[in-house]
file structure-v1.cif (mmCIF, C-alpha atoms)
data_data
loop_
_atom_site.label_atom_id
_atom_site.label_comp_id
_atom_site.auth_asym_id
_atom_site.auth_seq_id
_atom_site.Cartn_x
_atom_site.Cartn_y
_atom_site.Cartn_z
CA MET A 1 6.14 -19.44 13.27
CA HIS A 2 3.61 -16.74 12.33
CA VAL A 3 4.63 -14.50 9.46
CA GLN A 4 2.34 -11.46 9.53
CA VAL A 5 3.91 -9.42 6.76
CA VAL A 6 6.28 -10.11 3.88
CA PHE A 7 8.78 -7.48 2.74
CA ASP A 8 9.54 -7.54 -0.99
CA THR A 9 12.68 -6.28 -2.72
CA SER A 10 11.42 -2.70 -2.87
CA ALA A 11 10.71 -2.64 0.87
CA LEU A 12 14.12 -4.14 1.65
CA LEU A 13 15.87 -1.59 -0.56
CA ALA A 14 14.02 1.27 1.16
CA TYR A 15 14.98 -0.12 4.57
CA ALA A 16 18.62 -0.69 3.67
CA ARG A 17 18.99 2.73 2.05
CA LEU A 18 17.03 4.56 4.77
CA GLU A 19 14.90 5.99 2.00
CA ASP A 20 11.61 6.21 3.86
CA VAL A 21 10.87 6.26 7.58
CA ALA A 22 7.55 4.52 6.85
CA VAL A 23 9.32 1.18 6.46
CA GLY A 24 10.92 1.61 9.91
CA GLU A 25 7.57 2.63 11.37
CA LEU A 26 6.06 -0.55 9.94
CA VAL A 27 8.75 -2.68 11.59
CA ALA A 28 8.03 -1.01 14.93
CA THR A 29 4.27 -1.39 14.47
CA VAL A 30 4.42 -5.09 13.69
CA GLU A 31 6.69 -5.80 16.63
CA GLU A 32 4.89 -3.60 19.14
CA ASP A 33 1.46 -5.01 18.28
CA ALA A 34 2.58 -8.59 18.81
CA ASP A 35 0.52 -10.26 21.54
CA SER A 36 3.03 -12.99 22.31
CA THR A 37 6.76 -13.47 21.91
CA ASP A 38 6.38 -16.07 19.16
CA SER A 39 4.00 -14.08 16.95
CA ALA A 40 4.20 -11.49 14.21
CA LEU A 41 7.44 -12.12 12.40
CA ILE A 42 8.43 -10.10 9.35
CA GLY A 43 9.06 -12.55 6.51
CA ILE A 44 11.90 -11.83 4.12
CA PRO A 45 11.89 -14.00 0.98
CA ALA A 46 15.37 -15.26 0.07
CA ALA A 47 14.92 -14.19 -3.56
CA CYS A 48 14.22 -10.61 -2.40
CA VAL A 49 17.42 -10.58 -0.36
CA LEU A 50 19.37 -11.73 -3.44
CA ALA A 51 17.74 -9.11 -5.65
CA ALA A 52 18.24 -6.27 -3.16
CA TYR A 53 21.77 -7.16 -2.05
CA SER A 54 23.35 -6.74 -5.47
CA LYS A 55 21.88 -3.24 -5.83
CA LEU A 56 23.20 -1.90 -2.54
CA ALA A 57 26.33 -0.03 -1.50
CA ARG A 58 28.52 -1.66 1.14
CA ASP A 59 27.06 0.17 4.18
CA ASP A 60 23.54 -0.47 3.01
CA ARG A 61 24.34 -4.16 2.52
CA ALA A 62 25.46 -4.37 6.14
CA ARG A 63 22.15 -2.82 7.23
CA LEU A 64 20.18 -5.28 5.12
CA ALA A 65 22.23 -8.22 6.39
CA HIS A 66 21.63 -7.28 10.01
CA PHE A 67 17.92 -6.72 9.42
CA ALA A 68 17.46 -9.97 7.50
CA VAL A 69 19.60 -12.39 9.48
CA GLY A 70 20.73 -10.58 12.62
CA ALA A 71 17.37 -9.56 14.00
CA ARG A 72 16.26 -12.86 15.52
CA GLY A 73 12.69 -12.84 16.71
CA ILE A 74 11.87 -9.85 14.49
CA THR A 75 12.56 -11.09 10.98
CA VAL A 76 12.86 -14.50 9.38
CA ILE A 77 14.34 -15.45 6.01
CA LEU A 78 11.84 -17.44 3.96
CA PRO A 79 13.72 -19.96 1.80
CA LEU A 80 12.78 -20.69 -1.79
CA LEU A 81 11.71 -24.32 -1.71
CA GLY A 82 12.38 -26.71 -4.57
CA GLY A 83 8.69 -27.38 -5.08
CA ASP A 84 7.93 -23.66 -5.40
CA THR A 85 10.76 -22.80 -7.78
CA LEU A 86 8.98 -23.09 -11.12
CA ALA A 87 5.81 -21.35 -9.89
CA VAL A 88 7.97 -18.51 -8.54
CA ALA A 89 9.84 -18.33 -11.84
CA GLU A 90 6.52 -18.00 -13.69
CA LEU A 91 5.40 -15.22 -11.35
CA GLU A 92 8.73 -13.42 -11.59
CA THR A 93 8.45 -13.49 -15.38
CA GLU A 94 4.85 -12.27 -15.32
CA LEU A 95 5.47 -9.46 -12.82
CA GLY A 96 8.85 -8.35 -14.14
CA GLU A 97 10.11 -7.33 -10.71
CA PRO A 98 13.00 -9.37 -9.26
CA GLY A 99 11.94 -11.10 -6.03
CA LEU A 100 8.27 -10.14 -6.28
CA GLY A 101 7.23 -13.61 -7.45
CA HIS A 102 8.78 -15.19 -4.38
CA ALA A 103 7.24 -12.52 -2.13
CA VAL A 104 3.78 -13.18 -3.59
CA THR A 105 4.25 -16.93 -3.12
CA GLU A 106 5.17 -16.43 0.56
CA VAL A 107 2.23 -14.05 1.10
CA ARG A 108 -0.11 -16.78 -0.11
CA LYS A 109 1.64 -19.56 1.80
CA HIS A 110 1.55 -17.74 5.15
CA ALA A 111 -1.79 -15.93 4.64
CA ALA A 112 0.24 -12.78 5.27
CA TRP A 113 0.18 -9.40 3.53
CA LEU A 114 2.80 -7.70 1.42
CA ALA A 115 4.65 -4.50 2.30
CA THR A 116 5.83 -2.94 -0.95
CA TYR A 117 6.51 0.08 -3.10
CA ALA A 118 5.53 -1.99 -6.14
CA GLY A 119 1.84 -2.27 -5.30
CA ARG A 120 0.64 -1.72 -8.84
CA ARG A 121 2.50 -4.76 -10.12
CA ALA A 122 1.63 -6.84 -7.06
CA ARG A 123 -2.09 -6.12 -7.57
CA ARG A 124 -1.93 -8.05 -10.83
CA VAL A 125 -1.82 -11.24 -8.77
CA LEU A 126 -2.83 -10.26 -5.21
CA SER A 127 -5.99 -8.76 -3.75
CA ASP A 128 -5.93 -5.13 -2.64
CA ASP A 129 -6.43 -6.39 0.92
CA ASP A 130 -3.17 -8.33 0.71
CA ILE A 131 -1.05 -5.27 0.06
CA LEU A 132 0.18 -2.39 2.21
CA ASP A 133 1.59 0.37 0.04
CA LEU A 134 4.58 1.99 1.63
CA MET B 135 15.66 -22.78 32.30
CA ALA B 136 16.99 -21.43 35.59
CA THR B 137 14.53 -19.33 37.57
CA ARG B 138 14.70 -16.89 40.48
CA ARG B 139 12.04 -16.06 43.03
CA PHE B 140 11.00 -12.40 43.38
CA SER B 141 8.83 -10.54 45.83
CA ILE B 142 7.17 -7.63 44.01
CA THR B 143 4.60 -4.97 44.76
CA LEU B 144 1.82 -4.29 42.25
CA PRO B 145 -1.03 -1.79 41.98
CA GLU B 146 -4.35 -3.26 43.09
CA ASP B 147 -5.87 -3.33 39.58
CA VAL B 148 -2.85 -5.21 38.20
CA ALA B 149 -2.85 -7.61 41.15
CA ALA B 150 -6.58 -8.24 40.67
CA HIS B 151 -5.99 -9.11 37.03
CA LEU B 152 -3.10 -11.37 37.93
CA ASP B 153 -5.41 -13.26 40.30
CA THR B 154 -7.45 -14.32 37.27
CA VAL B 155 -4.62 -15.89 35.27
CA GLU B 156 -3.64 -19.53 35.59
CA ASN B 157 0.14 -19.12 35.89
CA ALA B 158 1.08 -15.68 37.16
CA SER B 159 4.83 -16.27 36.84
CA ALA B 160 4.55 -17.33 33.19
CA TYR B 161 2.19 -14.43 32.50
CA ILE B 162 4.59 -11.87 33.96
CA ALA B 163 7.59 -13.44 32.21
CA GLU B 164 5.76 -13.25 28.84
CA ALA B 165 4.81 -9.62 29.43
CA ILE B 166 8.38 -8.68 30.27
CA ARG B 167 9.75 -10.58 27.26
CA LEU B 168 7.33 -8.69 25.00
CA ARG B 169 8.53 -5.40 26.52
CA MET B 170 12.16 -6.44 25.99
CA ARG B 171 11.46 -7.39 22.38
CA ARG B 172 9.79 -4.05 21.68
CA GLN B 173 12.74 -2.25 23.24
CA ARG B 174 15.19 -4.29 21.12
CA THR B 175 13.22 -3.41 17.99
CA ARG B 176 13.38 0.33 18.69
CA GLU B 177 17.09 0.00 19.50
CA MET B 178 17.72 -1.88 16.26
CA LEU B 179 15.88 0.75 14.23
CA ALA B 180 17.86 3.52 15.90
CA ALA B 181 21.14 1.67 15.31
CA HIS B 182 20.19 1.29 11.65
CA GLY B 183 19.61 5.03 11.37
CA PHE B 184 15.82 5.31 11.54
CA THR B 185 14.32 8.10 13.60
CA VAL B 186 11.00 6.47 14.43
CA THR B 187 8.51 8.54 16.40
CA ASP B 188 5.52 7.40 18.44
CA GLU B 189 3.31 9.57 16.22
CA GLY B 190 4.63 7.93 13.05
CA VAL B 191 4.17 4.46 14.51
CA ALA B 192 0.63 5.37 15.58
CA ARG B 193 -0.21 6.47 12.03
CA MET B 194 1.23 3.25 10.60
CA ARG B 195 -0.65 1.23 13.23
CA GLU B 196 -3.92 2.76 12.02
CA ARG B 197 -3.13 1.74 8.43
CA VAL B 198 -2.15 -1.79 9.46
CA ARG B 199 -5.28 -2.22 11.60
CA ALA B 200 -7.48 -0.98 8.75
CA LEU B 201 -5.86 -3.51 6.42
CA GLU B 202 -6.25 -6.31 8.97
CA ALA B 203 -9.90 -5.36 9.50
CA ARG B 204 -10.60 -5.56 5.75
CA ARG B 205 -8.88 -8.94 5.61
CA ALA B 206 -10.89 -10.24 8.58
CA LYS B 207 -14.11 -9.05 6.95
CA ARG B 208 -13.13 -10.81 3.73
CA GLY B 209 -12.36 -13.98 5.71
CA ARG B 210 -15.77 -13.91 7.39
CA ALA B 211 -17.52 -13.37 4.05
CA ALA B 212 -15.73 -16.31 2.42
#
call {"tool": "encode", "arguments": {"input": "structure-v1.cif", "output": "structure tokens"}}
result
Amino acid sequence: MHVQVVFDTSALLAYARLEDVAVGELVATVEEDADSTDSALIGIPAACVLAAYSKLARDDRARLAHFAVGARGITVILPLLGGDTLAVAELETELGEPGLGHAVTEVRKHAAWLATYAGRRARRVLSDDDILDL
Amino acid sequence: MATRRFSITLPEDVAAHLDTVENASAYIAEAIRLRMRRQRTREMLAAHGFTVTDEGVARMRERVRALEARRAKRGRAA
């Protein structure tokens, strides 16, 4: 499994609410640039799904659910592992953005980059080269 | 996995390239699966309500490639 990019809560909210076509263009770009059928997945941290889901209206929840768990081969849910939980909690507290700590942890774990609308906060713990501002 | 045998006609340049690969059937199958996946992605985006254009995707591709290039440069420097 190769996770190329991680979507944080802000990116998931923008996707689910259809707020910005850029997030859809990014999905298409990642998928269309894949050089094999088992490469270039979009990683979706479980904590970001939890954070986004509760903020969404019913129709937008359905869109998020299909994107996160119904788009096999395009996206993959990244679980929060027991061993990562306290480190994620520390990051979440430091960054003050629900889900961002888990997203940062997954970016590091998969050597991926982060797609986000919260780039300023993410840059407190990630390099500029690890972030794509949407 | 079940398979079927096909007889197909290809342009000379494509056929010449295919002569250089080890397993032409697997190569063609992978290429078609990639095409199917890309089509499914565009269909999913449209079903979700996104109007994604080739121009918009091209602009995003430039940004992604620039980011990847900076990351590769950083990796080489490390």
call {"tool": "interface_residues", "arguments": {"input": "structure-v1.cif", "of": "chain A", "to": "chain B", "cutoff": "9 Å", "atoms": "only C-alpha atoms", "output": "PyMOL selection string"}}
result
chain A and resi 15-16+18+20-22+24-37+63+66-67+71+73-74+113+129-132
call {"tool": "resolve_selection", "arguments": {"input": "structure-v1.cif", "expression": "the PyMOL selection byres ((chain A and resi 81-90) around 10)", "output": "NGL selection string"}}
result
:A and (46-47 or 78-80 or 91-96 or 98-106)
call {"tool": "atom_distance", "arguments": {"input": "structure-v1.cif", "atom1": "atom CA of B:Val155", "atom2": "atom CA of A:His2"}}
result
24.4 Å
call {"tool": "atom_distance", "arguments": {"input": "structure-v1.cif", "atom1": "atom CA of A:Leu64", "atom2": "atom CA of A:Leu12"}}
result
7.1 Å
call {"tool": "atom_distance", "arguments": {"input": "structure-v1.cif", "atom1": "atom CA of B:Glu177", "atom2": "atom CA of A:Arg72"}}
result
13.5 Å
call {"tool": "resolve_selection", "arguments": {"input": "structure-v1.cif", "expression": "the PyMOL selection byres ((chain A and resi 114-124) around 7)", "output": "ChimeraX atom specification"}}
result
/A:5-8,10-11,95,107,112-113,125-128,130-134
call {"tool": "residues_around", "arguments": {"input": "structure-v1.cif", "residues": "A:Ala57", "least_positions_apart": "4", "cutoff": "10 Å", "atoms": "all atoms listed in the file", "output": "JSON, numbers by chain"}}
result
{"A": [16, 17, 53, 61, 62]}
call {"tool": "write_last_selection", "arguments": {"input": "structure-v1.cif", "atoms": "C-alpha atoms", "output": "PDB file, keeping the file's coordinate frame"}}
result
ATOM      1  CA  ALA A  16      18.620  -0.690   3.670  1.00  0.00           C
ATOM      2  CA  ARG A  17      18.990   2.730   2.050  1.00  0.00           C
ATOM      3  CA  TYR A  53      21.770  -7.160  -2.050  1.00  0.00           C
ATOM      4  CA  ARG A  61      24.340  -4.160   2.520  1.00  0.00           C
ATOM      5  CA  ALA A  62      25.460  -4.370   6.140  1.00  0.00           C
TER       6      ALA A  62
END
call {"tool": "closest_residue", "arguments": {"input": "structure-v1.cif", "among": "A:Ala40, A:Leu50, A:Val69, A:Pro45", "to": "A:Lys109", "atoms": "only C-alpha atoms"}}
result
A:Pro45
call {"tool": "decode", "arguments": {"input": "structure-v1.cif", "residues": "stretch 9-107 of chain A", "atoms": "C-alpha atoms", "output": "mmCIF file, in the first residue's frame"}}
result
data_model
loop_
_atom_site.group_PDB
_atom_site.id
_atom_site.type_symbol
_atom_site.label_atom_id
_atom_site.label_comp_id
_atom_site.auth_asym_id
_atom_site.auth_seq_id
_atom_site.Cartn_x
_atom_site.Cartn_y
_atom_site.Cartn_z
ATOM 1 C CA THR A 9 -10.147 17.257 8.423
ATOM 2 C CA SER A 10 -10.187 20.553 6.531
ATOM 3 C CA ALA A 11 -9.664 18.801 3.185
ATOM 4 C CA LEU A 12 -12.376 16.246 3.982
ATOM 5 C CA LEU A 13 -14.825 18.987 4.955
ATOM 6 C CA ALA A 14 -14.116 20.865 1.716
ATOM 7 C CA TYR A 15 -14.647 17.676 -0.287
ATOM 8 C CA ALA A 16 -17.848 16.702 1.510
ATOM 9 C CA ARG A 17 -19.317 20.198 1.275
ATOM 10 C CA LEU A 18 -18.192 20.754 -2.329
ATOM 11 C CA GLU A 19 -16.594 23.959 -1.128
ATOM 12 C CA ASP A 20 -13.641 24.044 -3.496
ATOM 13 C CA VAL A 21 -13.080 22.309 -6.817
ATOM 14 C CA ALA A 22 -9.339 22.214 -6.040
ATOM 15 C CA VAL A 23 -9.841 19.264 -3.708
ATOM 16 C CA GLY A 24 -11.600 17.335 -6.498
ATOM 17 C CA GLU A 25 -8.851 18.296 -8.930
ATOM 18 C CA LEU A 26 -6.305 16.925 -6.472
ATOM 19 C CA VAL A 27 -8.154 13.605 -6.264
ATOM 20 C CA ALA A 28 -8.149 13.356 -10.063
ATOM 21 C CA THR A 29 -4.477 14.329 -10.268
ATOM 22 C CA VAL A 30 -3.322 11.740 -7.755
ATOM 23 C CA GLU A 31 -5.302 8.984 -9.423
ATOM 24 C CA GLU A 32 -4.454 9.907 -13.006
ATOM 25 C CA ASP A 33 -0.723 10.179 -12.297
ATOM 26 C CA ALA A 34 -0.554 6.718 -10.753
ATOM 27 C CA ASP A 35 1.864 4.491 -12.670
ATOM 28 C CA SER A 36 0.419 1.213 -11.460
ATOM 29 C CA THR A 37 -2.905 0.014 -10.117
ATOM 30 C CA ASP A 38 -1.573 -0.497 -6.586
ATOM 31 C CA SER A 39 0.051 2.920 -6.188
ATOM 32 C CA ALA A 40 -0.935 6.397 -5.101
ATOM 33 C CA LEU A 41 -3.707 5.971 -2.590
ATOM 34 C CA ILE A 42 -5.232 8.944 -0.792
ATOM 35 C CA GLY A 43 -4.893 8.321 2.942
ATOM 36 C CA ILE A 44 -7.732 9.378 5.201
ATOM 37 C CA PRO A 45 -6.876 9.317 8.922
ATOM 38 C CA ALA A 46 -9.680 7.846 11.034
ATOM 39 C CA ALA A 47 -9.509 10.755 13.480
ATOM 40 C CA CYS A 48 -10.116 13.196 10.602
ATOM 41 C CA VAL A 49 -13.202 11.253 9.525
ATOM 42 C CA LEU A 50 -14.540 11.437 13.095
ATOM 43 C CA ALA A 51 -13.834 15.161 13.338
ATOM 44 C CA ALA A 52 -15.359 15.965 9.948
ATOM 45 C CA TYR A 53 -18.399 13.702 10.181
ATOM 46 C CA SER A 54 -19.923 15.417 13.201
ATOM 47 C CA LYS A 55 -19.725 18.815 11.475
ATOM 48 C CA LEU A 56 -21.534 17.776 8.311
ATOM 49 C CA ALA A 57 -25.142 17.861 7.160
ATOM 50 C CA ARG A 58 -26.732 14.547 6.181
ATOM 51 C CA ASP A 59 -26.079 14.801 2.414
ATOM 52 C CA ASP A 60 -22.515 15.873 2.982
ATOM 53 C CA ARG A 61 -21.995 12.964 5.378
ATOM 54 C CA ALA A 62 -23.080 10.563 2.648
ATOM 55 C CA ARG A 63 -20.545 12.130 0.275
ATOM 56 C CA LEU A 64 -17.786 11.825 2.864
ATOM 57 C CA ALA A 65 -18.743 8.229 3.655
ATOM 58 C CA HIS A 66 -18.608 7.218 0.008
ATOM 59 C CA PHE A 67 -15.304 9.003 -0.544
ATOM 60 C CA ALA A 68 -13.697 7.546 2.591
ATOM 61 C CA VAL A 69 -14.935 3.966 2.545
ATOM 62 C CA GLY A 70 -16.718 3.435 -0.771
ATOM 63 C CA ALA A 71 -13.954 4.439 -3.135
ATOM 64 C CA ARG A 72 -11.833 1.291 -3.029
ATOM 65 C CA GLY A 73 -8.522 1.660 -4.791
ATOM 66 C CA ILE A 74 -8.711 5.457 -4.551
ATOM 67 C CA THR A 75 -8.822 6.145 -0.827
ATOM 68 C CA VAL A 76 -7.880 4.185 2.261
ATOM 69 C CA ILE A 77 -8.845 4.811 5.886
ATOM 70 C CA LEU A 78 -5.747 4.993 8.075
ATOM 71 C CA PRO A 79 -6.579 3.612 11.533
ATOM 72 C CA LEU A 80 -5.333 5.190 14.731
ATOM 73 C CA LEU A 81 -3.086 2.535 16.226
ATOM 74 C CA GLY A 82 -2.801 1.962 19.953
ATOM 75 C CA GLY A 83 0.906 2.709 19.956
ATOM 76 C CA ASP A 84 0.358 6.069 18.239
ATOM 77 C CA THR A 85 -2.521 7.250 20.414
ATOM 78 C CA LEU A 86 -0.639 9.283 23.020
ATOM 79 C CA ALA A 87 1.692 10.888 20.462
ATOM 80 C CA VAL A 88 -1.350 11.848 18.375
ATOM 81 C CA ALA A 89 -3.061 13.239 21.472
ATOM 82 C CA GLU A 90 -0.001 15.404 22.177
ATOM 83 C CA LEU A 91 0.025 16.690 18.596
ATOM 84 C CA GLU A 92 -3.711 17.344 18.611
ATOM 85 C CA THR A 93 -3.306 19.383 21.794
ATOM 86 C CA GLU A 94 -0.347 21.316 20.393
ATOM 87 C CA LEU A 95 -1.972 22.062 17.033
ATOM 88 C CA GLY A 96 -5.480 22.729 18.307
ATOM 89 C CA GLU A 97 -7.123 21.371 15.165
ATOM 90 C CA PRO A 98 -9.185 18.168 15.540
ATOM 91 C CA GLY A 99 -7.699 15.366 13.439
ATOM 92 C CA LEU A 100 -4.572 17.274 12.415
ATOM 93 C CA GLY A 101 -2.370 15.400 14.893
ATOM 94 C CA HIS A 102 -3.383 12.077 13.393
ATOM 95 C CA ALA A 103 -2.925 13.432 9.857
ATOM 96 C CA VAL A 104 0.602 14.640 10.694
ATOM 97 C CA THR A 105 1.425 11.255 12.235
ATOM 98 C CA GLU A 106 0.281 9.447 9.075
ATOM 99 C CA VAL A 107 2.206 11.871 6.829
#
